[in-house]
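Shown next: protein_27.txt, given as compact mmCIF, C-alpha atoms and all ligand atoms.
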```
# COMPACT_ATOMS: atom_id res chain seq x y z
CA MET A 1 20.49 13.47 -3.51
CA ASP A 2 19.42 10.62 -5.75
CA ILE A 3 17.01 11.68 -8.44
CA ASP A 4 16.15 8.83 -10.76
CA TRP A 5 12.83 7.07 -11.23
CA LYS A 6 14.74 3.85 -11.82
CA GLY A 7 16.15 3.98 -8.30
CA ILE A 8 12.71 3.46 -6.80
CA ILE A 9 11.76 -0.15 -6.12
CA GLY A 10 8.18 -1.03 -7.02
CA HIS A 11 5.29 1.46 -7.03
CA GLU A 12 5.18 1.40 -10.83
CA GLU A 13 1.53 2.44 -11.03
CA ASN A 14 1.98 5.46 -8.81
CA ILE A 15 5.04 6.56 -10.70
CA ALA A 16 3.39 6.14 -14.09
CA ARG A 17 0.39 8.15 -12.90
CA LEU A 18 2.51 10.96 -11.47
CA ARG A 19 4.64 11.19 -14.59
CA ARG A 20 1.55 11.24 -16.78
CA MET A 21 -0.01 14.03 -14.73
CA LEU A 22 3.20 15.99 -14.85
CA ARG A 23 3.49 15.56 -18.61
CA GLU A 24 -0.10 16.69 -19.11
CA GLY A 25 0.30 19.63 -16.74
CA ARG A 26 -2.34 18.23 -14.39
CA LEU A 27 -0.24 17.86 -11.28
CA PRO A 28 -1.98 19.65 -8.38
CA HIS A 29 -0.07 22.16 -6.24
CA ALA A 30 -0.08 19.87 -3.20
CA LEU A 31 0.35 16.11 -2.92
CA LEU A 32 0.40 13.81 0.07
CA PHE A 33 2.57 10.70 -0.18
CA THR A 34 1.45 8.15 2.39
CA GLY A 35 2.60 4.65 3.18
CA PRO A 36 4.49 2.53 5.68
CA GLU A 37 7.99 3.34 6.75
CA GLY A 38 10.76 2.54 4.38
CA VAL A 39 8.76 1.95 1.21
CA GLY A 40 10.52 4.72 -0.70
CA LYS A 41 7.83 7.35 -0.65
CA CYS A 42 10.20 10.17 0.29
CA ARG A 43 12.53 9.15 -2.45
CA ALA A 44 9.60 9.22 -4.85
CA ALA A 45 8.66 12.71 -3.63
CA ARG A 46 12.20 13.96 -4.18
CA THR A 47 12.31 12.45 -7.64
CA LEU A 48 8.98 14.03 -8.53
CA ALA A 49 10.34 17.35 -7.29
CA ALA A 50 13.39 16.85 -9.50
CA ALA A 51 11.13 16.08 -12.46
CA LEU A 52 9.14 19.27 -11.77
CA LEU A 53 12.29 21.37 -11.68
CA CYS A 54 14.11 19.64 -14.57
CA GLY A 55 14.47 21.51 -17.84
CA GLU A 56 13.56 18.46 -19.90
CA PRO A 57 9.95 17.33 -20.49
CA GLU A 58 10.51 13.73 -19.35
CA GLY A 59 12.80 14.48 -16.43
CA PRO A 60 14.62 14.24 -14.27
CA CYS A 61 17.25 14.05 -17.01
CA GLY A 62 20.15 14.07 -14.56
CA LYS A 63 22.20 16.39 -16.80
CA CYS A 64 20.56 19.82 -16.97
CA PRO A 65 21.66 22.62 -14.60
CA SER A 66 18.61 21.94 -12.41
CA CYS A 67 19.35 18.23 -12.06
CA LEU A 68 23.04 18.85 -11.45
CA ALA A 69 22.23 21.38 -8.73
CA LEU A 70 19.85 18.93 -7.06
CA ARG A 71 22.42 16.19 -7.12
CA GLN A 72 24.79 18.50 -5.28
CA ASP A 73 22.04 19.51 -2.85
CA SER A 74 22.41 23.12 -3.93
CA HIS A 75 19.26 23.84 -5.92
CA PRO A 76 17.94 27.31 -5.08
CA ASP A 77 14.34 26.37 -5.93
CA TYR A 78 14.21 23.14 -3.94
CA TYR A 79 13.39 23.19 -0.26
CA GLU A 80 13.12 20.32 2.14
CA VAL A 81 11.61 20.44 5.62
CA ARG A 82 12.41 17.65 8.07
CA PRO A 83 11.73 17.18 11.75
CA GLU A 84 14.43 18.49 14.07
CA SER A 85 15.15 17.64 17.65
CA ARG A 86 16.11 20.44 19.97
CA GLY A 87 17.76 19.61 23.23
CA LYS A 88 15.99 16.67 24.76
CA GLY A 89 12.70 17.39 23.01
CA ALA A 90 11.13 14.91 20.61
CA ARG A 91 11.68 15.32 16.89
CA ALA A 92 9.17 17.78 15.50
CA ILE A 93 8.57 20.21 12.67
CA ARG A 94 8.06 23.58 14.32
CA ILE A 95 6.32 26.69 13.13
CA GLU A 96 9.63 28.54 12.64
CA GLN A 97 10.67 25.92 10.11
CA ILE A 98 7.40 26.31 8.23
CA ARG A 99 7.79 30.12 8.26
CA GLU A 100 11.31 29.87 6.89
CA MET A 101 10.04 27.59 4.18
CA GLN A 102 7.17 29.96 3.37
CA ALA A 103 9.58 32.87 2.99
CA GLU A 104 11.67 30.85 0.54
CA ALA A 105 8.72 29.44 -1.35
CA SER A 106 7.18 32.85 -1.93
CA ARG A 107 10.16 34.03 -3.97
CA LEU A 108 10.31 33.70 -7.72
CA PRO A 109 12.16 30.63 -8.92
CA ILE A 110 15.77 31.21 -9.90
CA LEU A 111 17.06 28.19 -11.78
CA SER A 112 13.84 26.41 -12.75
CA HIS A 113 10.46 27.64 -13.82
CA ARG A 114 8.94 26.76 -10.46
CA ARG A 115 9.74 25.78 -6.90
CA ALA A 116 9.28 22.48 -5.10
CA VAL A 117 8.96 21.86 -1.38
CA VAL A 118 9.19 18.42 0.22
CA ILE A 119 8.00 18.03 3.81
CA ASP A 120 9.16 14.68 5.14
CA ASP A 121 7.57 13.04 8.20
CA ALA A 122 4.85 15.67 7.88
CA GLU A 123 2.90 14.08 10.75
CA LEU A 124 5.56 15.48 13.09
CA MET A 125 4.45 19.06 12.44
CA ASN A 126 3.15 20.53 15.65
CA GLU A 127 -0.27 22.16 15.61
CA ALA A 128 1.00 25.68 15.03
CA ALA A 129 3.14 24.47 12.14
CA GLU A 130 0.22 22.62 10.61
CA ASN A 131 -2.07 25.63 10.82
CA SER A 132 0.56 27.82 9.29
CA LEU A 133 1.12 25.40 6.43
CA LEU A 134 -2.62 25.15 5.93
CA LYS A 135 -2.79 28.86 5.09
CA THR A 136 -0.18 28.39 2.39
CA LEU A 137 -2.00 25.40 0.94
CA GLU A 138 -5.23 27.39 0.87
CA GLU A 139 -3.67 30.18 -1.14
CA PRO A 140 -1.48 28.50 -3.73
CA THR A 141 0.77 30.87 -5.61
CA GLY A 142 0.89 28.64 -8.67
CA GLN A 143 4.66 28.55 -8.77
CA VAL A 144 5.35 26.16 -5.96
CA THR A 145 4.44 22.51 -5.55
CA PHE A 146 4.20 20.99 -2.08
CA LEU A 147 4.99 17.32 -1.57
CA LEU A 148 4.06 16.10 1.89
CA VAL A 149 5.35 12.71 2.97
CA THR A 150 3.93 10.81 5.92
CA GLY A 151 3.78 7.37 7.45
CA SER A 152 0.77 8.35 9.50
CA ARG A 153 -1.85 10.15 7.48
CA ALA A 154 -4.34 10.00 10.37
CA SER A 155 -2.07 12.26 12.45
CA LEU A 156 -2.50 15.15 10.01
CA LEU A 157 -5.28 17.72 10.14
CA ASP A 158 -8.22 16.75 7.93
CA THR A 159 -8.07 20.21 6.43
CA ILE A 160 -4.50 19.57 5.25
CA ILE A 161 -5.35 16.12 3.90
CA SER A 162 -8.29 17.49 1.96
CA ARG A 163 -6.10 20.02 0.17
CA CYS A 164 -3.62 17.45 -1.08
CA MET A 165 -3.89 14.81 -3.76
CA PRO A 166 -3.26 11.51 -1.97
CA VAL A 167 -0.72 9.06 -3.35
CA SER A 168 -0.62 5.83 -1.40
CA PHE A 169 2.54 3.75 -1.28
CA GLY A 170 1.11 0.68 0.40
CA MET A 171 2.69 -2.28 -1.26
CA LEU A 172 6.29 -3.35 -1.18
CA PRO A 173 8.40 -5.76 -3.19
CA MET A 174 8.52 -8.99 -1.23
CA ASP A 175 12.23 -9.14 -0.49
CA GLU A 176 12.20 -5.55 0.70
CA LEU A 177 9.21 -6.24 2.89
CA ALA A 178 10.91 -9.33 4.30
CA GLY A 179 13.92 -7.17 5.16
CA LEU A 180 11.76 -4.59 6.92
CA LEU A 181 9.95 -7.29 8.89
CA ALA A 182 13.27 -8.76 9.95
CA CYS A 183 14.28 -5.29 11.17
CA ARG A 184 11.28 -5.40 13.50
CA GLY A 185 12.71 -8.43 15.20
CA ILE A 186 10.83 -11.13 13.28
CA SER A 187 13.03 -14.10 12.37
CA THR A 188 14.30 -14.18 8.80
CA ALA A 189 12.42 -17.38 7.98
CA GLU A 190 9.12 -16.08 9.26
CA ALA A 191 9.71 -12.66 7.70
CA GLU A 192 10.14 -14.27 4.28
CA GLU A 193 7.03 -16.35 4.68
CA LEU A 194 4.97 -13.41 5.92
CA ALA A 195 6.14 -11.25 3.03
CA VAL A 196 4.98 -13.84 0.52
CA LEU A 197 1.71 -14.52 2.32
CA SER A 198 0.86 -10.85 2.68
CA ASP A 199 1.33 -10.12 -0.99
CA GLY A 200 3.71 -7.27 -0.22
CA SER A 201 1.50 -5.45 2.25
CA MET A 202 3.18 -4.43 5.46
CA GLY A 203 -0.15 -4.06 7.27
CA ARG A 204 -1.30 -7.51 6.29
CA ALA A 205 2.06 -9.04 7.18
CA LEU A 206 1.93 -7.57 10.66
CA ALA A 207 -1.70 -8.59 11.08
CA LEU A 208 -0.73 -12.13 10.13
CA HIS A 209 2.09 -12.05 12.60
CA GLU A 210 -0.01 -10.65 15.44
CA ASN A 211 -3.54 -11.96 14.89
CA ASP A 212 -3.14 -15.63 14.21
CA GLY A 213 -3.73 -15.16 10.52
CA MET A 214 -2.10 -18.52 9.86
CA LYS A 215 -4.89 -20.23 11.78
CA LEU A 216 -7.48 -18.75 9.45
CA ARG A 217 -5.51 -19.81 6.44
CA ASP A 218 -5.21 -23.35 7.77
CA ASP A 219 -8.96 -23.32 8.36
CA ALA A 220 -9.59 -22.26 4.76
CA MET A 221 -7.30 -25.09 3.68
CA ALA A 222 -9.18 -27.61 5.85
CA PHE A 223 -12.40 -26.38 4.27
CA LEU A 224 -11.09 -27.03 0.76
CA GLU A 225 -9.80 -30.46 1.75
CA GLY A 226 -13.13 -31.45 3.30
CA LEU A 227 -15.31 -29.89 0.63
CA GLY A 228 -16.08 -33.18 -1.10
CA ALA A 229 -17.37 -34.78 2.11
CA MET A 230 -19.31 -31.76 3.31
CA ASP A 231 -23.01 -32.35 4.01
CA MET A 232 -25.69 -29.82 4.92
CA GLY A 233 -25.23 -30.45 8.65
CA LYS A 234 -21.57 -29.47 8.43
CA ILE A 235 -22.39 -26.44 6.31
CA TRP A 236 -24.91 -25.15 8.86
CA LEU A 237 -22.46 -25.67 11.70
CA ARG A 238 -19.68 -23.90 9.84
CA GLY A 239 -22.00 -21.10 8.73
CA LYS A 240 -23.09 -20.50 12.30
CA ASP A 241 -19.55 -20.65 13.62
CA MET A 242 -18.13 -18.28 11.02
CA GLY A 243 -21.11 -15.93 11.24
CA GLU A 244 -20.32 -15.46 14.91
CA GLN A 245 -16.71 -14.58 14.18
CA GLY A 246 -17.67 -11.32 12.51
CA ARG A 247 -17.23 -9.57 9.22
CA GLU A 248 -13.51 -8.93 9.49
CA LYS A 249 -12.62 -12.56 10.14
CA ILE A 250 -14.90 -13.72 7.31
CA SER A 251 -13.28 -11.25 4.97
CA GLU A 252 -9.83 -12.53 5.94
CA TRP A 253 -10.95 -16.12 5.57
CA LEU A 254 -12.24 -15.39 2.06
CA MET A 255 -8.92 -13.74 1.27
CA TYR A 256 -7.08 -16.91 2.26
CA LEU A 257 -9.46 -19.06 0.29
CA ASN A 258 -8.79 -16.82 -2.68
CA MET A 259 -5.06 -17.15 -2.12
CA LEU A 260 -5.17 -20.95 -1.92
CA LEU A 261 -7.26 -21.24 -5.07
CA ARG A 262 -4.90 -18.91 -6.85
CA ASP A 263 -1.96 -21.01 -5.68
CA MET A 264 -3.57 -24.08 -7.21
CA LEU A 265 -3.86 -22.28 -10.53
CA VAL A 266 -0.17 -21.44 -10.35
CA LEU A 267 0.59 -25.11 -9.64
CA TYR A 268 -1.12 -25.99 -12.91
CA GLU A 269 1.60 -24.06 -14.71
CA SER A 270 4.70 -26.18 -14.93
CA ASP A 271 7.16 -23.40 -15.70
CA ASP A 272 7.37 -22.03 -12.13
CA SER A 273 6.52 -18.57 -13.38
CA GLY A 274 4.13 -17.66 -10.58
CA ILE A 275 4.67 -17.15 -6.89
CA ILE A 276 3.12 -19.66 -4.51
CA TYR A 277 1.83 -17.91 -1.40
CA ALA A 278 1.28 -20.98 0.74
CA ARG A 279 4.68 -22.50 0.11
CA ASP A 280 4.63 -24.51 3.30
CA ILE A 281 1.58 -26.50 2.14
CA GLN A 282 2.40 -26.51 -1.56
CA ARG A 283 2.59 -30.30 -1.64
CA LYS A 284 -0.86 -30.72 -0.14
CA LEU A 285 -2.29 -28.25 -2.64
CA ALA A 286 -0.68 -30.10 -5.51
CA ASP A 287 -2.21 -33.37 -4.31
CA MET A 288 -5.65 -31.77 -4.41
CA LEU A 289 -5.44 -30.71 -8.05
CA PRO A 290 -7.26 -33.79 -9.46
CA GLU A 291 -10.36 -32.76 -7.52
CA PHE A 292 -10.03 -29.16 -8.64
CA PRO A 293 -9.93 -28.82 -12.41
CA LYS A 294 -9.06 -25.33 -13.62
CA GLY A 295 -12.64 -24.53 -14.62
CA ARG A 296 -13.86 -25.28 -11.12
CA ILE A 297 -11.16 -23.10 -9.58
CA PHE A 298 -12.08 -20.19 -11.83
CA GLN A 299 -15.73 -20.49 -10.87
CA MET A 300 -14.83 -20.65 -7.20
CA LEU A 301 -12.57 -17.63 -7.50
CA ARG A 302 -15.39 -15.68 -9.11
CA LEU A 303 -17.74 -16.64 -6.30
CA VAL A 304 -15.20 -15.70 -3.63
CA LYS A 305 -14.66 -12.30 -5.22
CA GLU A 306 -18.36 -11.67 -5.50
CA SER A 307 -18.84 -12.73 -1.87
CA GLN A 308 -16.12 -10.35 -0.71
CA CYS A 309 -18.05 -7.49 -2.31
CA ARG A 310 -21.40 -8.60 -0.91
CA LEU A 311 -19.92 -8.99 2.54
CA GLN A 312 -19.44 -5.23 2.73
CA ALA A 313 -23.19 -4.70 2.40
CA ASN A 314 -25.27 -5.08 5.54
CA VAL A 315 -26.03 -8.80 5.52
CA ASN A 316 -26.93 -11.41 8.09
CA LEU A 317 -23.51 -12.99 8.43
CA ARG A 318 -24.70 -16.47 9.31
CA LEU A 319 -27.11 -16.70 6.39
CA PHE A 320 -24.52 -15.10 4.17
CA MET A 321 -21.89 -17.69 5.09
CA GLU A 322 -24.33 -20.59 4.64
CA GLY A 323 -25.14 -19.29 1.18
CA VAL A 324 -21.49 -18.93 0.24
CA LEU A 325 -20.59 -22.41 1.52
CA ILE A 326 -23.51 -24.08 -0.28
CA ARG A 327 -22.64 -22.38 -3.54
CA LEU A 328 -18.95 -23.26 -3.17
CA LYS A 329 -19.87 -26.89 -2.58
CA ASP A 330 -22.12 -26.94 -5.64
CA ILE A 331 -19.47 -25.69 -8.03
ZN ZN B 1 17.15 17.72 -15.75
```

Could I get this structure in the form of structure tokens?
Amino acid sequence: MDIDWKGIIGHEENIARLRRMLREGRLPHALLFTGPEGVGKCRAARTLAAALLCGEPEGPCGKCPSCLALRQDSHPDYYEVRPESRGKGARAIRIEQIREMQAEASRLPILSHRRAVVIDDAELMNEAAENSLLKTLEEPTGQVTFLLVTGSRASLLDTIISRCMPVSFGMLPMDELAGLLACRGISTAEAEELAVLSDGSMGRALALHENDGMKLRDDAMAFLEGLGAMDMGKIWLRGKDMGEQGREKISEWLMYLNMLLRDMLVLYESDDSGIIYARDIQRKLADMLPEFPKGRIFQMLRLVKESQCRLQANVNLRLFMEGVLIRLKDI
């Protein structure tokens, strides 16, 4: 199998954190890698396992006996559990598989100084398997590290989740995300646009695709365009209207406003170094720049961020929105 940190696309923060913990000997005995399908979390788990088993301090080195054995899929201290389908039954991880793993994991390591177990698609453990694994997680032997990988954290027992250090692999590089979206039947053009708009988040991309997210963005754009001509009557109307739409919609709307303002800042830079999210309305945004000097944009961004935090508190949404709109207009 492939064991190289460089082979993993994105997730730099997670990887840096895991490597630091490993170096400092702070890695817990059980970790739970979560994230959408196809983001590389299993690959990351395998590479972490390789690093744990490698003879070098900053592994995996790729050259020591441990790394060579892993590459040939013949490492005696590495164990991987994956769902199996039997007959016509659905894919599942059954209790026998967990028992086999437990028997292996309880032995002393042979080639490395410890053992590593990766359980991929852990949400497919049946209940008996989960309960059996739970016992092992409750009584760590100290010589084995468990790396659970799942695309559906909510399907696992809370008691399992609570015994693992969570590592979330939420965000994806944009071209990879676009590819995954296209695999779900979304046209290539839309997939590319969604990937850029969603800032690399699969969940947000799908929400955009399914929940008319573009409409909210266009509304945020219309708000910016009409900001100069906005009087108190319009603000009250808009505040009432948005207040009725609920917290989630307001939060999304603020996110789009944030995105558009950020796009304008990028447009101020002439070297094309930044990514424009709203590429389809880039021209319109550029035309608005004279009305939005950088200082104003920064102030607005600060206000939007602050509002996003305050929105989470229990506030009267209509009054909240009126306040936000008035302050945005006054900047
Ligand atoms: Zn090595």

Give me, as a CSV table (one decimal) with C-alpha atoms, in the frame of the given file, all polymer residues having an atom no more than 9 Å from region 292-302 of chain A, counting only C-alpha atoms and skipping those fewer than 2 positions away in the same chain.
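What follows is the written file around_37.csv:
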```csv
chain,number,residue,atom,x,y,z
A,257,LEU,CA,-9.5,-19.1,0.3
A,258,ASN,CA,-8.8,-16.8,-2.7
A,261,LEU,CA,-7.3,-21.2,-5.1
A,262,ARG,CA,-4.9,-18.9,-6.8
A,264,MET,CA,-3.6,-24.1,-7.2
A,265,LEU,CA,-3.9,-22.3,-10.5
A,268,TYR,CA,-1.1,-26.0,-12.9
A,288,MET,CA,-5.6,-31.8,-4.4
A,289,LEU,CA,-5.4,-30.7,-8.0
A,290,PRO,CA,-7.3,-33.8,-9.5
A,304,VAL,CA,-15.2,-15.7,-3.6
A,305,LYS,CA,-14.7,-12.3,-5.2
A,306,GLU,CA,-18.4,-11.7,-5.5
A,307,SER,CA,-18.8,-12.7,-1.9
A,327,ARG,CA,-22.6,-22.4,-3.5
A,328,LEU,CA,-19.0,-23.3,-3.2
A,331,ILE,CA,-19.5,-25.7,-8.0
```

Extract, using all atoms listed in the file, all DNA, RNA and protein residues at most 10 Å from Ala49 (chain A), discarding same-chain residues fewer than 2 positions from it, and format them as a PDB file with C-alpha atoms, in the frame of the given file.
```
ATOM      1  CA  ILE A   3      17.010  11.680  -8.440  1.00  0.00           C
ATOM      2  CA  ARG A  43      12.530   9.150  -2.450  1.00  0.00           C
ATOM      3  CA  ALA A  44       9.600   9.220  -4.850  1.00  0.00           C
ATOM      4  CA  ALA A  45       8.660  12.710  -3.630  1.00  0.00           C
ATOM      5  CA  ARG A  46      12.200  13.960  -4.180  1.00  0.00           C
ATOM      6  CA  THR A  47      12.310  12.450  -7.640  1.00  0.00           C
ATOM      7  CA  ALA A  51      11.130  16.080 -12.460  1.00  0.00           C
ATOM      8  CA  LEU A  52       9.140  19.270 -11.770  1.00  0.00           C
ATOM      9  CA  LEU A  53      12.290  21.370 -11.680  1.00  0.00           C
ATOM     10  CA  CYS A  54      14.110  19.640 -14.570  1.00  0.00           C
ATOM     11  CA  GLY A  59      12.800  14.480 -16.430  1.00  0.00           C
ATOM     12  CA  PRO A  60      14.620  14.240 -14.270  1.00  0.00           C
ATOM     13  CA  LEU A  70      19.850  18.930  -7.060  1.00  0.00           C
ATOM     14  CA  ASP A  77      14.340  26.370  -5.930  1.00  0.00           C
ATOM     15  CA  TYR A  78      14.210  23.140  -3.940  1.00  0.00           C
ATOM     16  CA  TYR A  79      13.390  23.190  -0.260  1.00  0.00           C
ATOM     17  CA  ARG A 115       9.740  25.780  -6.900  1.00  0.00           C
ATOM     18  CA  ALA A 116       9.280  22.480  -5.100  1.00  0.00           C
ATOM     19  CA  VAL A 117       8.960  21.860  -1.380  1.00  0.00           C
ATOM     20  CA  VAL A 118       9.190  18.420   0.220  1.00  0.00           C
ATOM     21  CA  THR A 145       4.440  22.510  -5.550  1.00  0.00           C
ATOM     22  CA  PHE A 146       4.200  20.990  -2.080  1.00  0.00           C
ATOM     23  CA  LEU A 147       4.990  17.320  -1.570  1.00  0.00           C
TER      24      LEU A 147
END
```

Next on the checklist: Report, in Å with one decimal, the straight-line distance from CA of Arg19 (chain A) to CA of Ser152 (chain A).
Outcome noted: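 About the pair CA of Arg19 (chain A) and CA of Ser152 (chain A): they are 24.6 Å apart.
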
Each chain A residue no farther than 6 Å from ligand ZN 1 (chain B), nearest pair in Å, only C-alpha atoms and all ligand atoms, as a tab-separated table:
```
residue	atom	partner	partner_atom	distance
A:Cys54	CA	B:ZN1	ZN	3.8
A:Gly55	CA	B:ZN1	ZN	5.1
A:Glu56	CA	B:ZN1	ZN	5.5
A:Gly59	CA	B:ZN1	ZN	5.5
A:Pro60	CA	B:ZN1	ZN	4.5
A:Cys61	CA	B:ZN1	ZN	3.9
A:Gly62	CA	B:ZN1	ZN	4.9
A:Lys63	CA	B:ZN1	ZN	5.3
A:Cys64	CA	B:ZN1	ZN	4.2
A:Ser66	CA	B:ZN1	ZN	5.6
A:Cys67	CA	B:ZN1	ZN	4.3
```

Checklist entry - Within 10 Å of (-4.9, 21.0, 2.2), only C-alpha atoms: residues as a PyMOL selection string? => result chain A and resi 29-32+130+133-139+157-165

Non-local contacts of Arg310 (chain A) (12 Å; all atoms listed in the file; under 2 positions in same chain excluded) as a tab-separated table (two decimals) with C-alpha atoms, in the frame of the given file:
```tsv
chain	number	residue	atom	x	y	z
A	247	ARG	CA	-17.23	-9.57	9.22
A	250	ILE	CA	-14.90	-13.72	7.31
A	251	SER	CA	-13.28	-11.25	4.97
A	254	LEU	CA	-12.24	-15.39	2.06
A	303	LEU	CA	-17.74	-16.64	-6.30
A	304	VAL	CA	-15.20	-15.70	-3.63
A	305	LYS	CA	-14.66	-12.30	-5.22
A	306	GLU	CA	-18.36	-11.67	-5.50
A	307	SER	CA	-18.84	-12.73	-1.87
A	308	GLN	CA	-16.12	-10.35	-0.71
A	312	GLN	CA	-19.44	-5.23	2.73
A	313	ALA	CA	-23.19	-4.70	2.40
A	314	ASN	CA	-25.27	-5.08	5.54
A	315	VAL	CA	-26.03	-8.80	5.52
A	316	ASN	CA	-26.93	-11.41	8.09
A	317	LEU	CA	-23.51	-12.99	8.43
A	320	PHE	CA	-24.52	-15.10	4.17
A	321	MET	CA	-21.89	-17.69	5.09
A	323	GLY	CA	-25.14	-19.29	1.18
A	324	VAL	CA	-21.49	-18.93	0.24
```

Item to check | Interatomic distance, CA of Phe223 (chain A) to CA of Ser198 (chain A) (Å, one decimal) | outcome: 20.5 Å

Checklist entry - Counting only C-alpha atoms, which of A:Ser85, A:Thr34, A:Gly40, A:Glu193 gets nearest to Ala122 (chain A)? => result A:Thr34
